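Dumped work.pdb below, it's PDB, C-alpha atoms:
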MODEL        1
ATOM      1  CA  MET A  18       0.000   0.000   0.000  1.00  0.00           C
ATOM      2  CA  THR A  19       1.311   3.398  -0.921  1.00  0.00           C
ATOM      3  CA  VAL A  20       0.663   6.229   1.495  1.00  0.00           C
ATOM      4  CA  ASP A  21       0.162   9.648  -0.003  1.00  0.00           C
ATOM      5  CA  ALA A  22      -1.183  12.982   1.141  1.00  0.00           C
ATOM      6  CA  GLY A  23      -4.586  12.202  -0.333  1.00  0.00           C
ATOM      7  CA  THR A  24      -5.102   9.144   1.847  1.00  0.00           C
ATOM      8  CA  THR A  25      -3.613  10.500   5.048  1.00  0.00           C
ATOM      9  CA  GLY A  26      -5.038  13.960   5.219  1.00  0.00           C
ATOM     10  CA  ASN A  27      -1.471  15.305   5.208  1.00  0.00           C
ATOM     11  CA  THR A  28      -2.005  18.629   3.496  1.00  0.00           C
ATOM     12  CA  ASP A  29       1.473  19.950   4.250  1.00  0.00           C
ATOM     13  CA  ALA A  30       3.984  20.094   1.432  1.00  0.00           C
ATOM     14  CA  ARG A  31       6.464  18.253   3.640  1.00  0.00           C
ATOM     15  CA  PRO A  32       6.706  14.486   3.171  1.00  0.00           C
ATOM     16  CA  LEU A  33       5.880  12.175   6.045  1.00  0.00           C
ATOM     17  CA  ASP A  34       8.842  10.763   7.928  1.00  0.00           C
ATOM     18  CA  GLY A  35       9.421   7.007   7.819  1.00  0.00           C
ATOM     19  CA  GLU A  36       7.778   6.278  11.158  1.00  0.00           C
ATOM     20  CA  ARG A  37       4.576   8.149  10.325  1.00  0.00           C
ATOM     21  CA  ALA A  38       4.421   6.608   6.864  1.00  0.00           C
ATOM     22  CA  ASP A  39       4.911   3.163   8.443  1.00  0.00           C
ATOM     23  CA  LEU A  40       2.108   3.761  10.951  1.00  0.00           C
ATOM     24  CA  LEU A  41      -0.248   4.971   8.235  1.00  0.00           C
ATOM     25  CA  GLU A  42       0.592   2.028   6.013  1.00  0.00           C
ATOM     26  CA  ALA A  43       0.000  -0.455   8.847  1.00  0.00           C
ATOM     27  CA  LEU A  44      -3.306   1.216   9.747  1.00  0.00           C
ATOM     28  CA  GLY A  45      -4.377   1.258   6.113  1.00  0.00           C
ATOM     29  CA  LYS A  46      -3.556  -2.391   5.561  1.00  0.00           C
ATOM     30  CA  GLN A  47      -5.506  -3.599   8.597  1.00  0.00           C
ATOM     31  CA  ARG A  48      -8.451  -1.332   7.784  1.00  0.00           C
ATOM     32  CA  HIS A  49      -8.487  -2.767   4.265  1.00  0.00           C
ATOM     33  CA  PHE A  50      -8.663  -6.342   5.579  1.00  0.00           C
ATOM     34  CA  LEU A  51     -11.504  -5.428   7.947  1.00  0.00           C
ATOM     35  CA  ARG A  52     -13.492  -3.613   5.234  1.00  0.00           C
ATOM     36  CA  PHE A  53     -12.818  -6.422   2.755  1.00  0.00           C
ATOM     37  CA  THR A  54     -14.767  -8.853   4.921  1.00  0.00           C
ATOM     38  CA  VAL A  55     -18.038  -7.039   4.168  1.00  0.00           C
ATOM     39  CA  ARG A  56     -17.644  -6.882   0.399  1.00  0.00           C
ATOM     40  CA  GLY A  57     -20.896  -7.622  -1.392  1.00  0.00           C
ATOM     41  CA  LEU A  58     -23.012  -7.954   1.762  1.00  0.00           C
ATOM     42  CA  ASP A  59     -26.352  -6.381   2.551  1.00  0.00           C
ATOM     43  CA  ASP A  60     -27.442  -4.956   5.908  1.00  0.00           C
ATOM     44  CA  GLU A  61     -29.036  -8.197   7.098  1.00  0.00           C
ATOM     45  CA  GLN A  62     -25.919 -10.228   6.330  1.00  0.00           C
ATOM     46  CA  ALA A  63     -23.690  -7.621   8.005  1.00  0.00           C
ATOM     47  CA  GLY A  64     -25.781  -7.988  11.159  1.00  0.00           C
ATOM     48  CA  ARG A  65     -26.000 -11.769  11.212  1.00  0.00           C
ATOM     49  CA  ARG A  66     -24.269 -13.746  13.961  1.00  0.00           C
ATOM     50  CA  THR A  67     -22.636 -16.807  12.415  1.00  0.00           C
ATOM     51  CA  THR A  68     -20.841 -18.258  15.431  1.00  0.00           C
ATOM     52  CA  VAL A  69     -21.675 -18.774  19.095  1.00  0.00           C
ATOM     53  CA  SER A  70     -20.234 -15.338  19.871  1.00  0.00           C
ATOM     54  CA  GLU A  71     -22.201 -12.086  19.764  1.00  0.00           C
ATOM     55  CA  LEU A  72     -20.009 -10.804  16.929  1.00  0.00           C
ATOM     56  CA  CYS A  73     -21.323  -9.748  13.549  1.00  0.00           C
ATOM     57  CA  LEU A  74     -19.449  -8.029  10.741  1.00  0.00           C
ATOM     58  CA  GLY A  75     -21.181  -4.659  10.977  1.00  0.00           C
ATOM     59  CA  GLY A  76     -20.811  -4.677  14.750  1.00  0.00           C
ATOM     60  CA  LEU A  77     -17.094  -5.371  14.509  1.00  0.00           C
ATOM     61  CA  ILE A  78     -16.665  -2.367  12.240  1.00  0.00           C
ATOM     62  CA  LYS A  79     -18.778  -0.226  14.589  1.00  0.00           C
ATOM     63  CA  HIS A  80     -16.611  -1.327  17.505  1.00  0.00           C
ATOM     64  CA  VAL A  81     -13.322  -0.651  15.721  1.00  0.00           C
ATOM     65  CA  THR A  82     -14.656   2.773  14.712  1.00  0.00           C
ATOM     66  CA  SER A  83     -15.468   3.584  18.325  1.00  0.00           C
ATOM     67  CA  VAL A  84     -12.135   2.290  19.593  1.00  0.00           C
ATOM     68  CA  GLU A  85     -10.157   4.260  17.014  1.00  0.00           C
ATOM     69  CA  ARG A  86     -12.142   7.425  17.735  1.00  0.00           C
ATOM     70  CA  GLY A  87     -11.679   7.028  21.491  1.00  0.00           C
ATOM     71  CA  TRP A  88      -7.940   6.422  21.323  1.00  0.00           C
ATOM     72  CA  SER A  89      -7.423   9.318  18.907  1.00  0.00           C
ATOM     73  CA  GLU A  90      -9.274  11.577  21.331  1.00  0.00           C
ATOM     74  CA  PHE A  91      -7.051  10.229  24.121  1.00  0.00           C
ATOM     75  CA  VAL A  92      -3.952  11.278  22.133  1.00  0.00           C
ATOM     76  CA  GLN A  93      -5.372  14.777  21.787  1.00  0.00           C
ATOM     77  CA  HIS A  94      -7.026  15.301  25.173  1.00  0.00           C
ATOM     78  CA  GLY A  95      -5.665  12.739  27.628  1.00  0.00           C
ATOM     79  CA  PRO A  96      -7.562  10.296  29.836  1.00  0.00           C
ATOM     80  CA  SER A  97     -10.592  12.553  30.291  1.00  0.00           C
ATOM     81  CA  ALA A  98     -11.506  11.803  26.655  1.00  0.00           C
ATOM     82  CA  MET A  99     -12.164   8.181  27.585  1.00  0.00           C
ATOM     83  CA  GLY A 100     -14.405   8.762  30.572  1.00  0.00           C
ATOM     84  CA  ASP A 101     -14.319   7.398  34.069  1.00  0.00           C
ATOM     85  CA  PHE A 102     -14.836   3.643  33.869  1.00  0.00           C
ATOM     86  CA  ASP A 103     -15.593   3.456  37.618  1.00  0.00           C
ATOM     87  CA  ARG A 104     -18.656   5.619  37.042  1.00  0.00           C
ATOM     88  CA  MET A 105     -20.105   3.667  34.126  1.00  0.00           C
ATOM     89  CA  THR A 106     -23.742   2.724  34.552  1.00  0.00           C
ATOM     90  CA  GLU A 107     -25.619  -0.303  33.244  1.00  0.00           C
ATOM     91  CA  GLU A 108     -26.878   1.969  30.474  1.00  0.00           C
ATOM     92  CA  ASP A 109     -23.272   2.857  29.554  1.00  0.00           C
ATOM     93  CA  PHE A 110     -22.339  -0.827  29.412  1.00  0.00           C
ATOM     94  CA  ALA A 111     -25.405  -1.545  27.257  1.00  0.00           C
ATOM     95  CA  ARG A 112     -24.359   1.223  24.845  1.00  0.00           C
ATOM     96  CA  ARG A 113     -20.886  -0.313  24.610  1.00  0.00           C
ATOM     97  CA  ALA A 114     -22.435  -3.725  23.924  1.00  0.00           C
ATOM     98  CA  ASP A 115     -24.446  -2.164  21.082  1.00  0.00           C
ATOM     99  CA  GLU A 116     -21.138  -1.370  19.367  1.00  0.00           C
ATOM    100  CA  PHE A 117     -20.924  -5.074  18.533  1.00  0.00           C
ATOM    101  CA  ARG A 118     -24.389  -5.267  16.945  1.00  0.00           C
ATOM    102  CA  MET A 119     -26.137  -3.941  13.896  1.00  0.00           C
ATOM    103  CA  LEU A 120     -29.111  -2.146  15.396  1.00  0.00           C
ATOM    104  CA  PRO A 121     -32.370  -1.760  13.443  1.00  0.00           C
ATOM    105  CA  GLN A 122     -31.449   1.780  12.374  1.00  0.00           C
ATOM    106  CA  ASP A 123     -27.904   0.795  11.266  1.00  0.00           C
ATOM    107  CA  THR A 124     -26.995   0.303   7.644  1.00  0.00           C
ATOM    108  CA  LEU A 125     -23.741  -1.145   6.415  1.00  0.00           C
ATOM    109  CA  GLU A 126     -23.278   1.922   4.218  1.00  0.00           C
ATOM    110  CA  ASP A 127     -23.568   4.230   7.250  1.00  0.00           C
ATOM    111  CA  VAL A 128     -21.292   2.035   9.378  1.00  0.00           C
ATOM    112  CA  LEU A 129     -18.610   2.097   6.666  1.00  0.00           C
ATOM    113  CA  ALA A 130     -18.991   5.858   6.160  1.00  0.00           C
ATOM    114  CA  ALA A 131     -18.489   6.463   9.886  1.00  0.00           C
ATOM    115  CA  TYR A 132     -15.426   4.210   9.837  1.00  0.00           C
ATOM    116  CA  ASP A 133     -13.980   6.106   6.865  1.00  0.00           C
ATOM    117  CA  GLU A 134     -14.544   9.439   8.616  1.00  0.00           C
ATOM    118  CA  VAL A 135     -12.768   8.278  11.771  1.00  0.00           C
ATOM    119  CA  ALA A 136      -9.934   6.748   9.732  1.00  0.00           C
ATOM    120  CA  ARG A 137      -9.358  10.036   7.886  1.00  0.00           C
ATOM    121  CA  ALA A 138      -9.277  11.936  11.188  1.00  0.00           C
ATOM    122  CA  THR A 139      -6.817   9.467  12.704  1.00  0.00           C
ATOM    123  CA  ASP A 140      -4.615   9.627   9.614  1.00  0.00           C
ATOM    124  CA  ARG A 141      -4.567  13.436   9.814  1.00  0.00           C
ATOM    125  CA  LEU A 142      -3.603  13.157  13.485  1.00  0.00           C
ATOM    126  CA  VAL A 143      -0.754  10.715  12.759  1.00  0.00           C
ATOM    127  CA  ALA A 144       0.505  12.992   9.983  1.00  0.00           C
ATOM    128  CA  SER A 145       0.237  16.278  11.878  1.00  0.00           C
ATOM    129  CA  LEU A 146       0.930  15.536  15.552  1.00  0.00           C
ATOM    130  CA  PRO A 147       4.089  17.463  16.418  1.00  0.00           C
ATOM    131  CA  ASP A 148       5.521  14.701  18.632  1.00  0.00           C
ATOM    132  CA  LEU A 149       4.624  10.992  18.557  1.00  0.00           C
ATOM    133  CA  GLY A 150       6.302  10.700  21.940  1.00  0.00           C
ATOM    134  CA  VAL A 151       3.738  12.876  23.720  1.00  0.00           C
ATOM    135  CA  SER A 152       2.143  10.756  26.435  1.00  0.00           C
ATOM    136  CA  HIS A 153      -0.769  10.736  28.827  1.00  0.00           C
ATOM    137  CA  PRO A 154      -1.590   8.604  31.853  1.00  0.00           C
ATOM    138  CA  LEU A 155      -4.007   5.816  31.031  1.00  0.00           C
ATOM    139  CA  PRO A 156      -7.478   6.244  32.471  1.00  0.00           C
ATOM    140  CA  LYS A 157      -8.296   4.173  35.515  1.00  0.00           C
ATOM    141  CA  ALA A 158      -9.801   0.881  34.374  1.00  0.00           C
ATOM    142  CA  PRO A 159      -9.370  -2.750  35.479  1.00  0.00           C
ATOM    143  CA  TRP A 160      -7.770  -3.709  32.153  1.00  0.00           C
ATOM    144  CA  PHE A 161      -4.986  -1.065  32.282  1.00  0.00           C
ATOM    145  CA  GLU A 162      -1.847  -1.344  34.335  1.00  0.00           C
ATOM    146  CA  GLY A 163      -1.872   1.144  37.209  1.00  0.00           C
ATOM    147  CA  ASP A 164      -0.109   4.477  36.785  1.00  0.00           C
ATOM    148  CA  ALA A 165       1.010   3.685  33.220  1.00  0.00           C
ATOM    149  CA  ARG A 166       1.419   6.262  30.469  1.00  0.00           C
ATOM    150  CA  TRP A 167       1.046   5.659  26.758  1.00  0.00           C
ATOM    151  CA  SER A 168       2.677   7.728  24.092  1.00  0.00           C
ATOM    152  CA  ALA A 169       0.818   8.667  20.926  1.00  0.00           C
ATOM    153  CA  ARG A 170       3.088   6.199  19.140  1.00  0.00           C
ATOM    154  CA  ARG A 171       1.957   3.365  21.423  1.00  0.00           C
ATOM    155  CA  VAL A 172      -1.686   4.366  21.017  1.00  0.00           C
ATOM    156  CA  PHE A 173      -1.408   4.231  17.218  1.00  0.00           C
ATOM    157  CA  LEU A 174       0.276   0.831  17.449  1.00  0.00           C
ATOM    158  CA  HIS A 175      -2.582  -0.289  19.707  1.00  0.00           C
ATOM    159  CA  ILE A 176      -5.110   0.855  17.087  1.00  0.00           C
ATOM    160  CA  VAL A 177      -3.236  -1.208  14.474  1.00  0.00           C
ATOM    161  CA  ALA A 178      -3.303  -4.256  16.772  1.00  0.00           C
ATOM    162  CA  GLU A 179      -6.971  -3.799  17.677  1.00  0.00           C
ATOM    163  CA  THR A 180      -7.938  -3.462  14.019  1.00  0.00           C
ATOM    164  CA  ALA A 181      -5.894  -6.532  13.050  1.00  0.00           C
ATOM    165  CA  GLN A 182      -7.430  -8.604  15.847  1.00  0.00           C
ATOM    166  CA  HIS A 183     -10.952  -7.684  14.824  1.00  0.00           C
ATOM    167  CA  ALA A 184     -10.187  -8.164  11.118  1.00  0.00           C
ATOM    168  CA  GLY A 185      -9.305 -11.752  12.065  1.00  0.00           C
ATOM    169  CA  HIS A 186     -12.586 -12.108  13.934  1.00  0.00           C
ATOM    170  CA  ALA A 187     -14.408 -10.677  10.919  1.00  0.00           C
ATOM    171  CA  ASP A 188     -12.708 -13.160   8.600  1.00  0.00           C
ATOM    172  CA  ILE A 189     -14.030 -16.054  10.699  1.00  0.00           C
ATOM    173  CA  VAL A 190     -17.542 -14.563  10.870  1.00  0.00           C
ATOM    174  CA  ARG A 191     -17.565 -13.996   7.090  1.00  0.00           C
ATOM    175  CA  GLU A 192     -16.318 -17.502   6.318  1.00  0.00           C
ATOM    176  CA  ALA A 193     -19.085 -18.935   8.510  1.00  0.00           C
ATOM    177  CA  LEU A 194     -21.607 -16.707   6.736  1.00  0.00           C
ATOM    178  CA  ASP A 195     -20.976 -17.759   3.156  1.00  0.00           C
ATOM    179  CA  GLY A 196     -17.555 -19.385   2.846  1.00  0.00           C
ATOM    180  CA  ALA A 197     -15.822 -16.214   1.614  1.00  0.00           C
ATOM    181  CA  LYS A 198     -12.320 -15.639   2.961  1.00  0.00           C
ATOM    182  CA  SER A 199     -10.235 -12.510   3.170  1.00  0.00           C
ATOM    183  CA  MET A 200      -6.969 -14.378   2.983  1.00  0.00           C
ATOM    184  CA  GLY A 201      -5.880 -17.929   2.276  1.00  0.00           C
TER     185      GLY A 201
ENDMDL
END
Translate this structure into structure tokens?
Amino acid sequence: MTVDAGTTGNTDARPLDGERADLLEALGKQRHFLRFTVRGLDDEQAGRRTTVSELCLGGLIKHVTSVERGWSEFVQHGPSAMGDFDRMTEEDFARRADEFRMLPQDTLEDVLAAYDEVARATDRLVASLPDLGVSHPLPKAPWFEGDARWSARRVFLHIVAETAQHAGHADIVREALDGAKSMG
């Protein structure tokens, strides 16, 4: 995959350094694999559970969109952008669970458009952030190590890993749906 200013939102005349170009290429590749799993599907198929898990293809994309948006906001605004997990209500947890489902009002077209919008914003952030080493303390949550800090660089690597993990889940869900595979 070739990274250029048109796909990254980098509107500066200056070229991206190797590290930023590498991050954008890795993000782009994993996003491609995730999006590829929904090729040719309709809304009903995108919302269908094909395994014993709660996962569906549209829900996986919704979740990855939310995760990428949240982590990009963390890079820009610190832990307050992610909320206080100790204060989450049952309603908050239900909303998070809805990220993994295609709700009646969801369309695959809208889900993909939202994902594209978030991806463009993240790419602009990777390209324009003055220092990839800027860090923030992680918000308090049971799944984070206490008193840890993550740099923007680590956050972007986490987004790559999260997207790759869920692209793998999506590949399994799609294969169970109709036998189509993303790879292999």
Run the PyMOL selection byres ((chain A and resi 79) around 12) against the file shown and list the residues it catches, as a count of residues only. 42
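Rounded to one decimal, atom CA of A:Glu90 and atom CA of A:Asp60 lie 29.0 Å from each other.
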Leaving out stretch 156-163 of chain A and any residue of its chain fewer than 3 positions from it, which residues lie within 10 Å of it when counting all atoms listed in the file, given as a PyMOL selection string? chain A and resi 91+95-103+153+166
Take the residues from that selection and put them in a file with C-alpha atoms, as a PDB file, in the frame of the given file.
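Result saved to selection-v5.pdb:
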ATOM      1  CA  PHE A  91      -7.051  10.229  24.121  1.00  0.00           C
ATOM      2  CA  GLY A  95      -5.665  12.739  27.628  1.00  0.00           C
ATOM      3  CA  PRO A  96      -7.562  10.296  29.836  1.00  0.00           C
ATOM      4  CA  SER A  97     -10.592  12.553  30.291  1.00  0.00           C
ATOM      5  CA  ALA A  98     -11.506  11.803  26.655  1.00  0.00           C
ATOM      6  CA  MET A  99     -12.164   8.181  27.585  1.00  0.00           C
ATOM      7  CA  GLY A 100     -14.405   8.762  30.572  1.00  0.00           C
ATOM      8  CA  ASP A 101     -14.319   7.398  34.069  1.00  0.00           C
ATOM      9  CA  PHE A 102     -14.836   3.643  33.869  1.00  0.00           C
ATOM     10  CA  ASP A 103     -15.593   3.456  37.618  1.00  0.00           C
ATOM     11  CA  HIS A 153      -0.769  10.736  28.827  1.00  0.00           C
ATOM     12  CA  ARG A 166       1.419   6.262  30.469  1.00  0.00           C
TER      13      ARG A 166
END
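In terms of minimum interatomic distance to A:Ala193, A:Val69 ranks closest within A:Phe50, A:Leu40, A:Leu149, A:Val69, counting only C-alpha atoms.
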Any chance you could resolve the PyMOL selection byres ((chain A and resi 198) around 12) against this file and give the residues as an MDAnalysis selection string? chainID A and resid 50:51 53:56 184:197 199:201
Computed interatomic separation between atom CA of A:Trp88 and atom CA of A:Asp59 (Å):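 Atom-to-atom, atom CA of A:Trp88 and atom CA of A:Asp59 are spaced 29.2 Å apart.
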Using the chain letters and numbers from this file, what does the PyMOL selection byres ((chain A and resi 146) around 12) select? Give the answer as a PyMOL selection string. chain A and resi 27+33-34+37+89+92-93+138-145+147-152+168-170+173
May I have the selected residues written with C-alpha atoms, as a tab-separated table (two decimals), in the coordinates of the input?
chain	number	residue	atom	x	y	z
A	27	ASN	CA	-1.47	15.30	5.21
A	33	LEU	CA	5.88	12.18	6.04
A	34	ASP	CA	8.84	10.76	7.93
A	37	ARG	CA	4.58	8.15	10.32
A	89	SER	CA	-7.42	9.32	18.91
A	92	VAL	CA	-3.95	11.28	22.13
A	93	GLN	CA	-5.37	14.78	21.79
A	138	ALA	CA	-9.28	11.94	11.19
A	139	THR	CA	-6.82	9.47	12.70
A	140	ASP	CA	-4.62	9.63	9.61
A	141	ARG	CA	-4.57	13.44	9.81
A	142	LEU	CA	-3.60	13.16	13.48
A	143	VAL	CA	-0.75	10.72	12.76
A	144	ALA	CA	0.50	12.99	9.98
A	145	SER	CA	0.24	16.28	11.88
A	147	PRO	CA	4.09	17.46	16.42
A	148	ASP	CA	5.52	14.70	18.63
A	149	LEU	CA	4.62	10.99	18.56
A	150	GLY	CA	6.30	10.70	21.94
A	151	VAL	CA	3.74	12.88	23.72
A	152	SER	CA	2.14	10.76	26.44
A	168	SER	CA	2.68	7.73	24.09
A	169	ALA	CA	0.82	8.67	20.93
A	170	ARG	CA	3.09	6.20	19.14
A	173	PHE	CA	-1.41	4.23	17.22
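The spacing separating atom CA of A:Gln62 from atom CA of A:Ala43 amounts to 27.8 Å.
With all atoms listed in the file as the atoms that count, the residue of A:Pro121, A:His94, A:Glu61, A:Ile176 with the shortest distance to A:Pro154 is A:His94.
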